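What follows is start-v9.tsv (TSV, C-alpha atoms).
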chain	number	residue	atom	x	y	z
A	29	MET	CA	113.70	137.35	123.64
A	30	GLY	CA	116.97	138.99	122.62
A	31	VAL	CA	118.15	142.52	123.34
A	32	ASN	CA	116.64	145.16	121.07
A	33	THR	CA	119.55	147.11	119.57
A	34	SER	CA	117.40	149.24	117.24
A	35	TYR	CA	116.71	151.87	119.94
A	36	PRO	CA	118.55	153.12	123.02
A	37	ARG	CA	117.35	151.42	126.17
A	38	LEU	CA	114.52	152.95	128.15
A	39	ARG	CA	114.48	153.77	131.85
A	40	ILE	CA	111.13	152.43	133.05
A	41	ALA	CA	109.49	152.29	136.46
A	42	VAL	CA	106.77	149.65	136.77
A	43	VAL	CA	104.43	150.21	139.71
A	44	ALA	CA	102.46	147.13	140.80
A	45	PRO	CA	99.36	147.09	143.01
A	46	PRO	CA	100.08	146.54	146.73
A	47	TRP	CA	98.04	143.40	147.36
A	48	PHE	CA	100.32	140.50	146.36
A	49	GLU	CA	104.00	139.77	145.80
A	50	ILE	CA	105.58	139.87	142.35
A	51	PRO	CA	105.23	137.16	141.14
A	52	PRO	CA	102.32	136.07	143.33
A	53	LEU	CA	102.31	132.69	145.02
A	54	GLY	CA	98.84	131.93	143.69
A	55	TYR	CA	96.01	134.26	142.71
A	56	GLY	CA	97.06	137.64	141.31
A	57	GLY	CA	96.49	138.20	137.61
A	58	ILE	CA	97.79	141.79	137.49
A	59	GLU	CA	100.79	140.81	139.59
A	60	TRP	CA	101.71	138.00	137.21
A	61	LEU	CA	101.37	140.42	134.31
A	62	CYS	CA	103.70	142.91	136.02
A	63	HIS	CA	106.25	140.16	136.61
A	64	TRP	CA	106.20	138.96	133.01
A	65	LEU	CA	106.32	142.51	131.68
A	66	VAL	CA	109.28	143.50	133.87
A	67	GLU	CA	111.31	140.42	132.97
A	68	GLY	CA	110.48	140.83	129.28
A	69	LEU	CA	111.51	144.48	129.30
A	70	ILE	CA	114.83	143.52	130.88
A	71	ASP	CA	115.34	140.80	128.27
A	72	SER	CA	114.79	143.49	125.65
A	73	GLY	CA	117.66	145.54	127.07
A	74	ASN	CA	115.80	148.14	129.14
A	75	GLN	CA	116.64	149.49	132.59
A	76	VAL	CA	113.68	148.62	134.81
A	77	THR	CA	112.71	149.51	138.37
A	78	LEU	CA	109.90	147.55	139.99
A	79	VAL	CA	107.93	149.06	142.88
A	80	ALA	CA	105.82	146.50	144.74
A	81	SER	CA	104.97	144.83	148.05
A	82	GLY	CA	106.76	141.89	149.59
A	83	SER	CA	110.07	140.49	148.44
A	84	SER	CA	110.42	140.12	144.71
A	85	PRO	CA	112.80	137.66	142.99
A	86	THR	CA	113.36	139.98	140.05
A	87	ARG	CA	116.30	141.11	137.97
A	88	ALA	CA	114.96	144.66	138.08
A	89	GLU	CA	115.94	147.22	140.68
A	90	PHE	CA	113.39	146.57	143.43
A	91	LEU	CA	111.75	149.19	145.66
A	92	GLN	CA	109.54	147.80	148.41
A	93	THR	CA	106.40	149.45	149.80
A	94	TYR	CA	104.81	146.90	152.17
A	95	ARG	CA	107.14	144.30	153.67
A	96	ASP	CA	104.17	141.93	153.96
A	97	PRO	CA	101.56	142.37	151.20
A	98	PRO	CA	98.19	143.38	152.71
A	99	SER	CA	96.30	140.65	150.84
A	100	VAL	CA	93.73	140.09	153.59
A	101	ARG	CA	92.72	143.76	153.33
A	102	LEU	CA	91.96	143.61	149.63
A	103	GLY	CA	89.31	146.26	148.95
A	104	ASP	CA	90.32	148.47	151.88
A	105	PRO	CA	91.32	151.90	150.46
A	106	LEU	CA	94.08	152.64	152.99
A	107	PRO	CA	96.69	150.17	151.69
A	108	GLU	CA	96.25	151.65	148.20
A	109	LEU	CA	96.73	155.18	149.53
A	110	LEU	CA	99.79	154.32	151.61
A	111	HIS	CA	101.26	152.36	148.70
A	112	ALA	CA	100.76	155.38	146.42
A	113	ALA	CA	102.38	157.75	148.93
A	114	ILE	CA	105.45	155.52	149.30
A	115	VAL	CA	105.73	155.10	145.52
A	116	ASP	CA	105.62	158.86	145.04
A	117	ARG	CA	108.34	159.40	147.64
A	118	GLU	CA	110.56	156.65	146.17
A	119	LEU	CA	110.27	157.88	142.59
A	120	SER	CA	110.38	161.64	143.17
A	121	ASP	CA	114.17	162.05	142.91
A	122	ARG	CA	114.83	159.43	140.21
A	123	ASP	CA	115.04	159.87	136.46
A	124	PHE	CA	112.82	157.76	134.21
A	125	ASP	CA	111.64	157.96	130.64
A	126	VAL	CA	108.23	156.67	131.65
A	127	ILE	CA	106.40	155.40	134.75
A	128	HIS	CA	104.02	152.54	134.03
A	129	ASP	CA	101.50	152.43	136.88
A	130	HIS	CA	99.26	149.38	137.41
A	131	SER	CA	97.93	150.55	140.78
A	132	PHE	CA	94.64	152.31	141.38
A	133	ALA	CA	95.50	155.35	143.51
A	134	GLY	CA	99.03	155.94	142.19
A	135	PRO	CA	98.03	157.94	139.09
A	136	LEU	CA	96.54	160.66	141.34
A	137	LEU	CA	100.10	161.83	142.08
A	138	ALA	CA	101.39	161.64	138.52
A	139	GLY	CA	100.99	165.32	137.70
A	140	ALA	CA	103.95	166.37	139.86
A	141	ARG	CA	106.39	163.88	138.37
A	142	ARG	CA	109.03	164.75	135.82
A	143	ALA	CA	108.46	161.58	133.84
A	144	PRO	CA	105.14	160.92	132.06
A	145	THR	CA	102.85	158.26	133.53
A	146	LEU	CA	101.21	155.48	131.57
A	147	VAL	CA	98.32	153.65	133.22
A	148	THR	CA	96.96	150.27	132.16
A	149	ALA	CA	93.26	150.05	132.97
A	150	HIS	CA	92.85	146.47	134.15
A	151	GLY	CA	89.17	146.59	135.02
A	152	PRO	CA	85.89	147.89	133.64
A	153	VAL	CA	85.86	151.59	132.82
A	154	ASP	CA	82.26	152.56	133.37
A	155	GLY	CA	80.43	154.73	135.90
A	156	GLU	CA	82.52	156.47	138.52
A	157	LEU	CA	85.66	154.66	137.42
A	158	ALA	CA	85.37	156.25	133.98
A	159	HIS	CA	84.95	159.64	135.63
A	160	TYR	CA	88.06	158.93	137.71
A	161	TYR	CA	90.22	158.15	134.69
A	162	ALA	CA	88.82	161.16	132.81
A	163	ARG	CA	89.87	163.52	135.59
A	164	LEU	CA	93.46	162.40	136.02
A	165	HIS	CA	96.25	164.82	135.11
A	166	PRO	CA	96.48	165.47	131.35
A	167	ARG	CA	99.97	163.92	131.26
A	168	VAL	CA	98.51	160.55	132.28
A	169	ARG	CA	97.75	158.34	129.28
A	170	LEU	CA	95.68	155.18	129.31
A	171	VAL	CA	96.32	151.78	127.76
A	172	ALA	CA	93.38	149.42	127.24
A	173	ILE	CA	93.72	145.66	127.51
A	174	SER	CA	91.09	145.05	124.81
A	175	GLU	CA	89.07	146.90	122.20
A	176	ALA	CA	85.96	145.79	124.09
A	177	GLN	CA	87.18	147.73	127.11
A	178	ARG	CA	87.74	150.89	125.04
A	179	ARG	CA	84.22	150.75	123.65
A	180	TRP	CA	82.80	151.32	127.13
A	181	ALA	CA	84.40	154.77	127.34
A	182	PRO	CA	85.85	155.90	123.98
A	183	GLU	CA	86.22	159.47	125.26
A	184	LEU	CA	89.00	158.57	127.72
A	185	PRO	CA	92.61	159.49	126.85
A	186	TRP	CA	93.52	156.11	125.35
A	187	ILE	CA	96.87	155.91	123.63
A	188	ALA	CA	96.92	152.20	122.72
A	189	THR	CA	95.41	148.77	123.18
A	190	VAL	CA	97.79	146.06	124.40
A	191	HIS	CA	96.41	142.62	125.13
A	192	ASN	CA	97.60	140.92	128.29
A	193	SER	CA	100.03	138.10	127.59
A	194	ILE	CA	101.80	135.11	129.10
A	195	PRO	CA	105.15	133.35	128.59
A	196	VAL	CA	103.69	130.69	126.30
A	197	ALA	CA	106.82	128.51	126.42
A	198	ASP	CA	106.30	128.07	130.18
A	199	TYR	CA	102.94	126.38	129.60
A	200	PRO	CA	102.89	122.61	128.97
A	201	TYR	CA	101.39	121.66	125.61
A	202	ALA	CA	99.49	118.39	125.30
A	203	PRO	CA	97.82	117.18	122.08
A	204	GLU	CA	95.96	114.41	123.91
A	205	LYS	CA	93.24	115.43	126.34
A	206	GLU	CA	91.39	113.76	129.18
A	207	ARG	CA	87.62	113.63	129.51
A	208	PHE	CA	86.99	116.32	132.14
A	209	VAL	CA	85.94	119.92	131.50
A	210	LEU	CA	87.65	122.69	133.49
A	211	PHE	CA	86.37	125.87	135.10
A	212	LEU	CA	89.09	128.12	136.49
A	213	GLY	CA	88.19	131.48	138.02
A	214	ARG	CA	86.88	133.46	140.96
A	215	MET	CA	83.76	132.25	142.72
A	216	SER	CA	81.53	135.15	141.73
A	217	PRO	CA	78.24	135.47	139.81
A	218	GLU	CA	79.85	137.27	136.89
A	219	LYS	CA	82.29	134.38	136.33
A	220	GLY	CA	79.40	131.91	136.04
A	221	ALA	CA	80.72	128.83	137.84
A	222	HIS	CA	77.13	127.59	138.28
A	223	LEU	CA	76.63	127.86	134.51
A	224	ALA	CA	79.79	125.78	133.98
A	225	ILE	CA	78.39	123.07	136.25
A	226	GLU	CA	75.07	122.96	134.43
A	227	ALA	CA	76.70	122.99	130.98
A	228	ALA	CA	79.16	120.19	131.75
A	229	ARG	CA	76.45	118.09	133.39
A	230	ASP	CA	74.06	118.57	130.45
A	231	ALA	CA	76.87	117.64	128.05
A	232	GLY	CA	77.59	114.48	130.03
A	233	PHE	CA	81.17	115.30	131.04
A	234	PRO	CA	82.74	115.60	134.51
A	235	LEU	CA	83.80	119.08	135.60
A	236	VAL	CA	86.80	120.14	137.66
A	237	LEU	CA	86.04	123.40	139.42
A	238	ALA	CA	88.97	125.48	140.69
A	239	GLY	CA	89.10	129.07	141.82
A	240	LYS	CA	89.70	131.79	144.33
A	241	ILE	CA	87.30	132.01	147.26
A	242	ASN	CA	88.37	134.29	150.10
A	243	GLU	CA	86.15	137.39	150.01
A	244	SER	CA	82.80	137.32	151.82
A	245	LYS	CA	80.81	137.81	148.62
A	246	GLU	CA	82.68	134.89	147.03
A	247	HIS	CA	81.79	132.64	149.95
A	248	ALA	CA	78.17	133.77	149.75
A	249	TYR	CA	77.94	132.98	146.03
A	250	PHE	CA	79.63	129.62	146.48
A	251	GLU	CA	77.25	128.56	149.26
A	252	ALA	CA	74.13	129.78	147.42
A	253	GLU	CA	74.85	128.76	143.81
A	254	VAL	CA	77.78	126.35	143.63
A	255	ARG	CA	77.72	124.00	146.63
A	256	PRO	CA	74.10	122.92	146.05
A	257	ARG	CA	75.06	121.86	142.50
A	258	LEU	CA	78.07	119.76	143.50
A	259	GLY	CA	77.92	116.00	143.01
A	260	PRO	CA	80.00	112.98	142.01
A	261	ASP	CA	80.47	114.46	138.51
A	262	ILE	CA	81.71	117.81	139.85
A	263	GLU	CA	85.10	117.99	141.60
A	264	TRP	CA	85.69	121.15	143.64
A	265	ILE	CA	89.39	121.61	144.40
A	266	GLY	CA	89.45	125.22	145.61
A	267	PRO	CA	92.24	127.66	144.71
A	268	ALA	CA	94.86	126.28	142.32
A	269	ASN	CA	98.51	127.28	142.55
A	270	THR	CA	100.52	127.91	139.40
A	271	GLU	CA	101.68	124.35	138.83
A	272	LEU	CA	98.29	122.79	139.49
A	273	LYS	CA	96.62	125.33	137.22
A	274	LYS	CA	98.97	124.53	134.35
A	275	ASP	CA	98.51	120.80	134.87
A	276	LEU	CA	94.71	121.11	134.80
A	277	LEU	CA	94.81	123.30	131.70
A	278	ARG	CA	97.10	120.83	129.95
A	279	ARG	CA	94.86	117.83	130.59
A	280	ALA	CA	91.36	119.29	130.24
A	281	ARG	CA	89.05	118.49	127.33
A	282	CYS	CA	88.23	122.19	127.22
A	283	LEU	CA	88.09	125.28	129.38
A	284	VAL	CA	84.56	126.56	129.91
A	285	PHE	CA	84.39	130.33	130.33
A	286	PRO	CA	80.73	131.28	130.89
A	287	ILE	CA	81.20	134.91	131.90
A	288	ARG	CA	78.12	137.03	132.59
A	289	TRP	CA	79.71	140.47	132.32
A	290	GLU	CA	81.81	142.50	129.88
A	291	GLU	CA	85.17	141.26	131.16
A	292	PRO	CA	87.99	143.40	129.72
A	293	PHE	CA	90.36	140.46	129.27
A	294	GLY	CA	90.31	136.87	130.49
A	295	ILE	CA	93.94	135.75	130.66
A	296	VAL	CA	92.90	132.18	131.44
A	297	MET	CA	91.67	131.84	127.85
A	298	ALA	CA	95.18	132.54	126.55
A	299	GLU	CA	96.62	130.15	129.15
A	300	ALA	CA	94.29	127.38	127.99
A	301	MET	CA	95.19	127.88	124.33
A	302	ALA	CA	98.91	127.85	125.22
A	303	CYS	CA	98.32	124.34	126.59
A	304	GLY	CA	96.56	123.31	123.39
A	305	THR	CA	93.19	123.34	125.13
A	306	PRO	CA	90.14	124.82	123.37
A	307	VAL	CA	87.92	127.41	125.02
A	308	VAL	CA	84.13	127.25	125.21
A	309	ALA	CA	82.89	130.71	126.17
A	310	LEU	CA	79.95	133.06	126.19
A	311	ASN	CA	80.29	136.02	123.85
A	312	ARG	CA	80.91	138.79	126.36
A	313	GLY	CA	83.71	141.30	126.81
A	314	SER	CA	86.95	140.45	125.00
A	315	VAL	CA	86.12	136.81	124.25
A	316	SER	CA	85.90	137.31	120.48
A	317	GLU	CA	89.32	139.07	120.50
A	318	VAL	CA	90.99	136.12	122.22
A	319	VAL	CA	89.23	133.03	120.91
A	320	GLU	CA	88.88	132.33	117.20
A	321	HIS	CA	85.51	130.68	116.76
A	322	ASP	CA	85.65	127.18	115.23
A	323	GLU	CA	89.48	127.33	115.24
A	324	THR	CA	90.56	127.57	118.89
A	325	GLY	CA	87.21	127.08	120.57
A	326	PHE	CA	83.53	127.91	120.37
A	327	ILE	CA	81.89	131.23	121.20
A	328	CYS	CA	78.29	130.85	122.32
A	329	GLU	CA	75.57	133.46	122.47
A	330	ARG	CA	73.46	131.75	125.18
A	331	PRO	CA	74.18	129.50	128.18
A	332	ALA	CA	71.92	126.92	126.54
A	333	ASP	CA	74.45	126.62	123.70
A	334	LEU	CA	77.35	125.65	125.99
A	335	PRO	CA	76.65	121.89	126.34
A	336	GLU	CA	76.73	121.27	122.59
A	337	ALA	CA	79.95	123.29	122.29
A	338	ILE	CA	81.53	121.17	125.05
A	339	LYS	CA	80.60	118.02	123.13
A	340	ARG	CA	82.27	119.42	120.00
A	341	ALA	CA	85.50	120.47	121.75
A	342	GLU	CA	87.34	117.41	120.42
A	343	LEU	CA	86.97	118.86	116.90
A	344	ILE	CA	89.38	121.68	117.74
A	345	GLU	CA	93.02	121.04	116.84
A	346	PRO	CA	95.25	121.55	119.92
A	347	ALA	CA	98.13	122.76	117.73
A	348	ALA	CA	95.95	125.58	116.39
A	349	CYS	CA	95.31	126.72	119.95
A	350	ARG	CA	99.02	126.77	120.73
A	351	ARG	CA	99.84	128.66	117.53
A	352	ARG	CA	97.32	131.39	118.29
A	353	ALA	CA	98.68	131.81	121.81
A	354	GLU	CA	102.24	132.07	120.50
A	355	ARG	CA	101.33	134.58	117.81
A	356	TYR	CA	99.06	136.95	119.69
A	357	PHE	CA	99.39	136.41	123.44
A	358	ASP	CA	103.05	135.74	124.17
A	359	VAL	CA	105.04	138.10	126.41
A	360	GLY	CA	107.32	139.06	123.53
A	361	ALA	CA	104.40	140.56	121.59
A	362	MET	CA	103.18	142.47	124.65
A	363	VAL	CA	106.64	143.84	125.47
A	364	ALA	CA	107.19	145.07	121.90
A	365	LYS	CA	103.87	146.90	121.93
A	366	TYR	CA	104.52	148.50	125.31
A	367	GLU	CA	108.01	149.60	124.25
A	368	ALA	CA	106.47	151.40	121.27
A	369	VAL	CA	103.96	153.12	123.56
A	370	TYR	CA	106.68	154.09	126.04
A	371	ARG	CA	108.71	155.75	123.29
A	372	GLU	CA	105.66	157.60	122.00
A	373	VAL	CA	104.77	158.87	125.47
A	374	ALA	CA	108.36	159.81	126.30
A	375	ALA	CA	108.80	161.69	123.01
A	376	ALA	CA	105.54	163.60	123.50
A	377	SER	CA	106.59	164.73	126.98

Any chance you could put this one into structure tokens?
Amino acid sequence: MGVNTSYPRLRIAVVAPPWFEIPPLGYGGIEWLCHWLVEGLIDSGNQVTLVASGSSPTRAEFLQTYRDPPSVRLGDPLPELLHAAIVDRELSDRDFDVIHDHSFAGPLLAGARRAPTLVTAHGPVDGELAHYYARLHPRVRLVAISEAQRRWAPELPWIATVHNSIPVADYPYAPEKERFVLFLGRMSPEKGAHLAIEAARDAGFPLVLAGKINESKEHAYFEAEVRPRLGPDIEWIGPANTELKKDLLRRARCLVFPIRWEEPFGIVMAEAMACGTPVVALNRGSVSEVVEHDETGFICERPADLPEAIKRAELIEPAACRRRAERYFDVGAMVAKYEAVYREVAAAS
């Protein structure tokens, strides 16, 4: 991406969550997004400050909160609160056009800042979480990561929808596929790994199962629903680092994405398409915004429909998958949309 000379450069602070480094060594979807966004904004000619845990190999100005990311305490509220307090202290005497906060507790302190705060809602926005976002300071504006997410709580102060994106050129494209089906995701009931096993087995194809498993509830689900279904046709490889993930996505016959909840955005679908790999998914959350049915994969209404869709995956043209990823889910498209939102928010303030 070249420098945007149409507008003066923006001064942007990007606040990441505290849990993982930027970029993360393995799992960390929001952290990868923050990394790609920061680097893309710099490529576009903006002045960017990144606030995060750990040590970050970034071209942005870097402000550190935790020296060692508190990954093992994921879910504990105190690291979020301490992270937010340090962020507020670091940013209080600096001038920005906009602060883009991806953390959970950070927006609570936004009302006292000179610069407006933009918050990307990365998770579901129902129940108490919707009440939380509704009660933030009026200068805080929300960005959705899908239209499906906005439909849960249309009354929230949304200013835009910006799909998550990836650097498509960094993903290896392969027109020829191997025979195995791939599941890539957390070991949790809502991700449906057990459904992926049953669908691949019923379709008659081997399955490679990869995913994060470090929280107690993930271990419990794996032992109750996944391990009993393992067999010679199911290969469990555990967490996959970045290079292994890309290699699996490149070679797989298809990615099976049998989610059982209204997931706001599944970035792995875009990653699969970038590799020329079709997606077979259940029609929940943002799936229909990411996958084009019959063109880049198959969207199924019931788990019982998944095996037939897996069998038909070879009918999908890999080049069509890559083209869709390049057009709609590349970092350049995401950066351009966020720049437009930043300017709107800055002008309104």

Coordinates-based distance that separates CA of Glu354 (chain A) from CA of Pro51 (chain A) (Å, one decimal):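 Calculated distance between CA of Pro51 (chain A) and CA of Glu354 (chain A) is 21.5 Å.
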
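With distances restricted to only C-alpha atoms, A:Ile58 is the closest residue to Ala149 (chain A) from A:Val359, A:Ala231, A:Ile58, A:Met215.
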
Report the distance between CA of Gly139 (chain A) and CA of His165 (chain A) in Å, rounded to one decimal place. 5.4 Å

Which is closer to Ser244 (chain A) than all the others in A:Val100, A:Val307, A:Met362, A:Ala176, using all atoms listed in the file?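 Nearest candidate to Ser244 (chain A) out of A:Val100, A:Val307, A:Met362, A:Ala176: A:Val100.
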
Given the point (73.7, 124.6, 124.6) in the file's coordinates, find the residues that have an atom at most 12 Å from it, counting all atoms listed in the file, and give them as a ChimeraX atom specification. /A:223-224,226-231,286,308-310,326-340

What's the separation between CA of Pro185 (chain A) and CA of Glu59 (chain A), in Å to one decimal place? 24.0 Å

Long-range neighbours of Val76 (chain A) as a list in words, 12 Å cut-off, all atoms listed in the file, 5 positions minimum in chain: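 Surrounding residues, per the criterion: Arg37, Leu38, Arg39, Ile40, Ala41, Val42, Val43, Cys62, His63, Leu65, Val66, Glu67, Gly68, Leu69, Ile70, Asp71, Thr86, Arg87, Ala88, Glu89, Phe90, Leu91, Asp123, Phe124, Asp125, Val126, Ile127 and His128 of chain A.
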
List the spatial neighbours of Gly57 (chain A) as a list in words - criterion: any atom at most 12 Å away, all atoms listed in the file, same-chain residues fewer than 6 positions off excluded.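 Listed by chain and then number, they are Ala44, Pro45, Trp47, Phe48, Glu49, Ile50, Pro51, His63, Trp64, His130, His150, Gly151, Asn192, Ser193, Ile194, Gly213, Arg214, Lys240, Thr270, Phe293, Gly294, Ile295, Val296 and Glu299 of chain A.
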
Excluding Ile344 (chain A) and any residue of its chain fewer than 5 positions from it, enumerate the residues within 10 Å of it, using only C-alpha atoms, and give them as a PDB file with C-alpha atoms, in the coordinates of the input.
ATOM      1  CA  CYS A 282      88.230 122.190 127.220  1.00  0.00           C
ATOM      2  CA  GLY A 304      96.560 123.310 123.390  1.00  0.00           C
ATOM      3  CA  THR A 305      93.190 123.340 125.130  1.00  0.00           C
ATOM      4  CA  PRO A 306      90.140 124.820 123.370  1.00  0.00           C
ATOM      5  CA  VAL A 307      87.920 127.410 125.020  1.00  0.00           C
ATOM      6  CA  HIS A 321      85.510 130.680 116.760  1.00  0.00           C
ATOM      7  CA  ASP A 322      85.650 127.180 115.230  1.00  0.00           C
ATOM      8  CA  GLU A 323      89.480 127.330 115.240  1.00  0.00           C
ATOM      9  CA  THR A 324      90.560 127.570 118.890  1.00  0.00           C
ATOM     10  CA  GLY A 325      87.210 127.080 120.570  1.00  0.00           C
ATOM     11  CA  PHE A 326      83.530 127.910 120.370  1.00  0.00           C
ATOM     12  CA  CYS A 349      95.310 126.720 119.950  1.00  0.00           C
TER      13      CYS A 349
END
